[in-house]
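Peer 1: Pasting a structure below so you can have a look.
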Amino acid sequence: MNLDHLNLQQKEAVQNTDGPMMILAGAGSGKTRTLVTRITYLLEEKHVSPFQLLALTFSNKAAKEMRDRISRTVSCDAGALQVTTFHSFCARSLRNEAQYLGLSKNFTIYDTSEQKAVVKKILSRRGINIKEVSPFEVMYFIEDLKNHGHYPDRDISEKDYEVEKDDPFYDMYLEYERELHKANATDFGGLITAVIQLYELFPDVLKRYQERFKYLLVDEYQDTNRAQFDLVTKLAKLNKNICVVGDEDQSIYSWRGADIRNILDFESVYKDAQILKLEQNYRSSKNIIDAAGAVISRNTQRKGKDMWTDNPEGESIEIVECHNDKEEAQFVAEGMKELAAGGESYDEMAVFYRTNSQSRLLEDALRTANIPYRVIGGIKFYERKEIKDLLAYIRVVVNDKDSLAISRIINVPARGIGATTLRKVEEEAVKTESTLWEVIQRIVDNPEDFKHIRLTARVKSALSHFTQIILDAKQANENKDSQQDIFEKLLHESGYWEMLRAAKDYESEARMENLQELGTAITQFEEANEGTDLGGFLETITLDNSVVAEDEETANQGEVSLMTIHGSKGLEFHYVYLTGTEENVFPSYKSMEDGDTAIEEERRLFYVAMTRAMKRLYITFAQGRMLFGQLRFNGHSRFIQEIPNKYYMWRKLGGGTQANTSKDDWDDFADPDFDEGPVYSISTAPAPKTAFPKGSKVVHSLYGEGKILASEGPSGDERVTIMFKDGARKKFMAKFAPLTLI
DNA sequence: TCGACGATCGTTTTT
DNA sequence: CGATCGTCGA
């Protein structure tokens with residue numbers, strides 16, 4: 001097999017197929033090329049069966065890219081090859097092994113908003129006002145447990161995390177898990193932990209998987225959480241052929257559970273691991289690589305790589321100081337116009353920002369300048385109300401235990417089953433330990449048994465109508481009718497379509513279009529996946545929203561791309577504008593409150609942004625910016641400071657004149673070589689952590705003794721949430737409240 | 001049951 | 001500033 005297209009390290013990464021290996025692949029180092037070649041090598045040179053290979057990634061985007069490139073490279077049949085995300089691998093395993101964990105294989109996967117609904121229900125059941133405890137706090141608590149691989153009753157004596165089982169939230173977690181189980185449902189995190197549970201409780205099942213997958217590969221390793229690490233470690237235990245690929249400098253999802261220890265500790269877990277570094281960059285100019293390298297070298301939480309390149313030195317980075325945010329947007333638009341006039345294509349240009357809300361002004365400026373653009377990210381198709389409603393209908397058809405879905409659509413469109421009726425039915429369900437669906441059916445079949453809950457004839461007939469809609473669709477689904485037909489049937493028989501049509505307003509029309517698009521997506525899915533049913537469609541749509549998202553292939557025809565830096569990971573552009581590089585914006589004010597670890601993550605984000613640029617990089621900031629309805633003067637980002645000034649040109653805009661094209665102004669207050677760290681520190685003081693840390697006990701002169709549940713905001717100005725002995729939860733501004741630590 | 005009004009509070013987002 | 005959420009009144 002010809003490996004001439006690879007450099008030395010890449011070849012090693014391909015040929016050392018056995019035993020544990022970690023590849024630290026820097027930005028633009030030909031990572032995917034290497035991985036694909038490695039897989040090809042395993043199949044064609046080592047004659048490993050595609051059936052024995054498992055490649056896991058974090059995102060669908062990466063899985064898809066790898067799959068596409070493998071199918072173009074590998075000559076033998078790669079059909080049995082599993083290149084997939086952690087979540088869909090787990091979902092598939094769980095459907096196959098559902099009986100072990102008391103699920104049935106048509107289980108539903110709850111997304112964030114459904115999780116929130118469950119949490120809200122639990123809170124209200126306990127009489128806790130959501131102003132005292134935000135559902136998100138509880139969700140975060142639950143998520144955190146799952147990110148660490150926790151499940152109820154797990155033996156954690158040998159695990160590297162701790163669980164406070166007397167935390168009031170833990171009890172809510174248990175209730176949450178019971179609630180999901182009753183609904184034959186799980187959530188994203190639960191997919192992973194359920195498989196861990198499966199492996200831990202049923203060693204023979206684990207053994208089956210271990211024996212099957214002789215070679216494991218994990219891409220986007222820096223984004224994996226502890227649970228995923230646990231999962232892979234278990235799978236790899238028998239054959240030890242595990243190859244992980246990642247870049248600790250591009251780890252930007254730690255706030256979502258990604259654990260950098262997975263990289264930093266790999267060697268201590270796998271003592272004989274080979275560590276390879278891919279340090280040659282094929283993407284960017286030397287100037288950009290060196291500048292980015294200087295910035296990231298300030299991080300302490302890293303293995304350390306020295307990226308280098310054979311590419312030409314290229315142009316200086318341009319740092320552009322704008323008067324305000326509007327001028328910044330205008331500068332971007334004008335610059336792009338000029339580039340285009342010079343023959344450059346718009347799809348080689350991108351604008352990055354830290355937060356989605358910053359796209360507004362940029363969009364305005366581009367629109368005014370008649371520059372075609374597309375915004376990546378933003379509002380998701382599948383989060384739209386009408387889509388969620390119809391999906392809820394489908395969910396009930398697939399899994400009638402999904403009471404959450406029933407209560408969502410039982411009165412949408414309004415059919416006279418109001419809140420009171422729903423409450424009565426729910427109470428009845430709790431009393432008889434049944435699901436909502438069972439109770440509703442019983443009411444419809446034997447109304448005389450339900451005299452005690454006093455339903456009017458009208459309500460009863462409405463319930464009967466509702467069950468008929470669902471039963472018809474269930475029947476059709478069992479008959480293997482086409483999914484498209486079932487969808488159409490639900491859409492019309494439920495009265496949903498008619499409701500929108502009757503409304504005759506602009507918004508309803510848009511909703512109707514979206515529903516048609518959903519119909520198209522179902523048809524497409526059906527054509528692409530023979531032999532699946534509606535359940536298959538539901539799973540795909542929850543685990544991979546890109547099914548219906550704009551068809552990205554066709555979309556990018558000479559348009560400028562706008563996205564958050566998070567959204568830019570894995571992409572590259574000739575011309576990059578990195579905007580809003582101001583303190584409090586980037587790094588975000590939130591990260592500035594959270595201390596060094598958070599700042600290091602922001603720095604990685606800055607590094608990711610820089611290394612997307614191939615030819616030219618503009619870094620812009622505004623002296624003044626409208627933020628939260630107020631004009632703020634934040635000063636430029638500390639990260640600008642961290643770029644040695646030989647790599648950039650400083651430009652100050654103002655009154656339309658380009659007053660200064662040299663870096664002289666800058667030199668007045670910046671150290672020329674930045675050898676000794678930042679010269680002036682804009683940072684908040686080295687974060688003396690809050691005087692009221694989570695978990696500490698306090699006395700309030702009015703309410704008595706309590707425990708700190710949360711503390712947010714900078715020290716001296718923090719707001720604390722306290723749970724008092726009598727069970728009350730209250731929030732205070734710490735500096736005003738009569739609090740004493742004990 | 002819906003809509004009007006006011007209070008609140010502001011990252012990043014993938015699965 | 002502006003989106004979102006909850007409350008309250010008709």
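By order in the structure tokens, chains are A, B, ...; within a chain, residues start at 1; ligands start at 1, following the order shown.
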Using only C-alpha atoms (C1' of nucleotides) and a cut-off of 12 Å, which residues of chain A sit close to chain C? Please list them as a short mmCIF file (atom, residue, chain, number, x, y, z; two decimals) with all heavy atoms, in the first residue's frame.
Peer 2:
data_model
loop_
_atom_site.label_atom_id
_atom_site.label_comp_id
_atom_site.auth_asym_id
_atom_site.auth_seq_id
_atom_site.Cartn_x
_atom_site.Cartn_y
_atom_site.Cartn_z
N ASN A 129 -40.67 26.42 44.01
CA ASN A 129 -40.89 27.41 42.98
C ASN A 129 -39.64 27.50 42.10
O ASN A 129 -38.52 27.46 42.59
CB ASN A 129 -41.16 28.76 43.64
CG ASN A 129 -41.65 29.78 42.63
OD1 ASN A 129 -41.00 30.04 41.63
ND2 ASN A 129 -42.80 30.35 42.91
N ILE A 130 -39.87 27.60 40.77
CA ILE A 130 -38.71 27.61 39.90
C ILE A 130 -37.89 28.90 40.01
O ILE A 130 -36.84 29.02 39.41
CB ILE A 130 -39.09 27.37 38.42
CG1 ILE A 130 -40.14 28.36 37.97
CG2 ILE A 130 -39.55 25.95 38.20
CD1 ILE A 130 -40.38 28.29 36.48
N LYS A 131 -38.41 29.83 40.80
CA LYS A 131 -37.59 31.02 41.04
C LYS A 131 -36.56 30.75 42.13
O LYS A 131 -35.52 31.39 42.19
CB LYS A 131 -38.48 32.20 41.46
CG LYS A 131 -39.01 32.94 40.26
CD LYS A 131 -39.86 34.12 40.67
CE LYS A 131 -40.47 34.77 39.45
NZ LYS A 131 -41.72 35.47 39.76
N SER A 357 -25.47 36.48 19.40
CA SER A 357 -26.15 37.77 19.29
C SER A 357 -25.31 38.80 18.53
O SER A 357 -25.83 39.77 18.02
CB SER A 357 -26.49 38.30 20.69
OG SER A 357 -25.29 38.50 21.41
N MET A 626 -22.40 48.20 22.18
CA MET A 626 -23.67 48.08 22.89
C MET A 626 -23.78 46.68 23.47
O MET A 626 -23.71 45.70 22.74
CB MET A 626 -24.83 48.32 21.92
CG MET A 626 -25.08 49.77 21.58
SD MET A 626 -25.38 50.79 23.03
CE MET A 626 -27.14 50.52 23.20
N LEU A 627 -23.92 46.62 24.77
CA LEU A 627 -23.99 45.33 25.43
C LEU A 627 -25.10 45.42 26.48
O LEU A 627 -25.07 46.31 27.33
CB LEU A 627 -22.64 45.06 26.11
CG LEU A 627 -22.05 43.66 25.95
CD1 LEU A 627 -21.95 43.27 24.50
CD2 LEU A 627 -20.69 43.61 26.62
N PHE A 628 -26.06 44.55 26.40
CA PHE A 628 -27.17 44.58 27.35
C PHE A 628 -27.80 45.96 27.39
O PHE A 628 -28.12 46.49 28.45
CB PHE A 628 -26.71 44.19 28.75
CG PHE A 628 -26.03 42.86 28.80
CD1 PHE A 628 -24.98 42.63 29.68
CD2 PHE A 628 -26.43 41.84 27.95
CE1 PHE A 628 -24.36 41.40 29.71
CE2 PHE A 628 -25.80 40.61 27.98
CZ PHE A 628 -24.77 40.38 28.86
N GLY A 629 -27.90 46.57 26.23
CA GLY A 629 -28.59 47.85 26.16
C GLY A 629 -27.79 49.02 26.68
O GLY A 629 -28.31 50.11 26.86
N GLN A 630 -26.51 48.78 26.93
CA GLN A 630 -25.69 49.87 27.42
C GLN A 630 -24.43 49.96 26.59
O GLN A 630 -23.90 48.94 26.15
CB GLN A 630 -25.28 49.60 28.86
CG GLN A 630 -26.10 50.34 29.87
CD GLN A 630 -25.55 50.13 31.26
OE1 GLN A 630 -25.17 49.02 31.62
NE2 GLN A 630 -25.49 51.18 32.04
N LEU A 631 -23.92 51.16 26.38
CA LEU A 631 -22.66 51.31 25.68
C LEU A 631 -21.52 50.98 26.65
O LEU A 631 -21.40 51.58 27.71
CB LEU A 631 -22.53 52.74 25.17
CG LEU A 631 -21.32 53.02 24.29
CD1 LEU A 631 -21.30 52.14 23.05
CD2 LEU A 631 -21.28 54.48 23.88
#
Peer 1: Using only C-alpha atoms (C1' of nucleotides) and a cut-off of 10 Å, which residues of chain B sit close to chain A? Please list them as a list of chain:residue names.
Peer 2: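 Per the criterion, chain B yields B:DT1, B:DC9, B:DG10, B:DT11, B:DT12, B:DT13, B:DT14, B:DT15.
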Peer 1: Using only C-alpha atoms (C1' of nucleotides), which residues sit within 9 Å of Glu321 of chain A once same-chain residues fewer than 5 positions away are excluded, as a ChimeraX atom specification?
Peer 2: /A:328,619-623,636,650-654
Peer 1: Please, what distance in Å, to one decimal, runs between atom CA of Asp364 of chain A and atom CA of Asp505 of chain A?
Peer 2: 26.0 Å
Peer 1: Which residues are close to segment 273-280 of chain A, i.e. within 10 Å by only C-alpha atoms (C1' of nucleotides), leaving aside same-chain residues fewer than 6 positions away? Reply as an NGL selection string.
Peer 2: :A and (7-10 or 12-13 or 16 or 18-31 or 34 or 240 or 242-247 or 266-267 or 289 or 304-311)
Peer 1: Could you please write out, as JSON, numbers by chain, every residue of segment 284-439 of chain A that DSSP assigns to alpha helix (DSSP H)?
Peer 2: {"A": [286, 287, 288, 289, 290, 291, 292, 293, 294, 295, 296, 325, 326, 327, 328, 329, 330, 331, 332, 333, 334, 335, 336, 337, 338, 339, 340, 341, 359, 360, 361, 362, 363, 364, 365, 366, 367, 368, 385, 386, 387, 388, 389, 390, 391, 392, 393, 394, 395, 396, 397, 398, 403, 404, 405, 406, 407, 408, 409, 419, 420, 421, 422, 423, 424, 425, 426, 427, 428, 429, 430, 431, 436, 437, 438, 439]}
Peer 1: Just asking: which residues within segment 521-608 of chain A are strand (DSSP E) according to DSSP, as a count of residues only?
Peer 2: 11
Peer 1: Please report the interatomic distance between atom CA of Ser508 of chain A and atom CA of Lys385 of chain A in Å with one decimal.
Peer 2: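 Taking atom CA of Ser508 of chain A as the start and atom CA of Lys385 of chain A as the end point, the length is 11.2 Å.
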Peer 1: Which residues are close to Met172 of chain A, i.e. within 12 Å by only C-alpha atoms (C1' of nucleotides), leaving aside same-chain residues fewer than 2 positions away? Reply as a PyMOL selection string.
Peer 2: chain A and resi 118-126+128+133+135+137-142+152+165-170+174-179
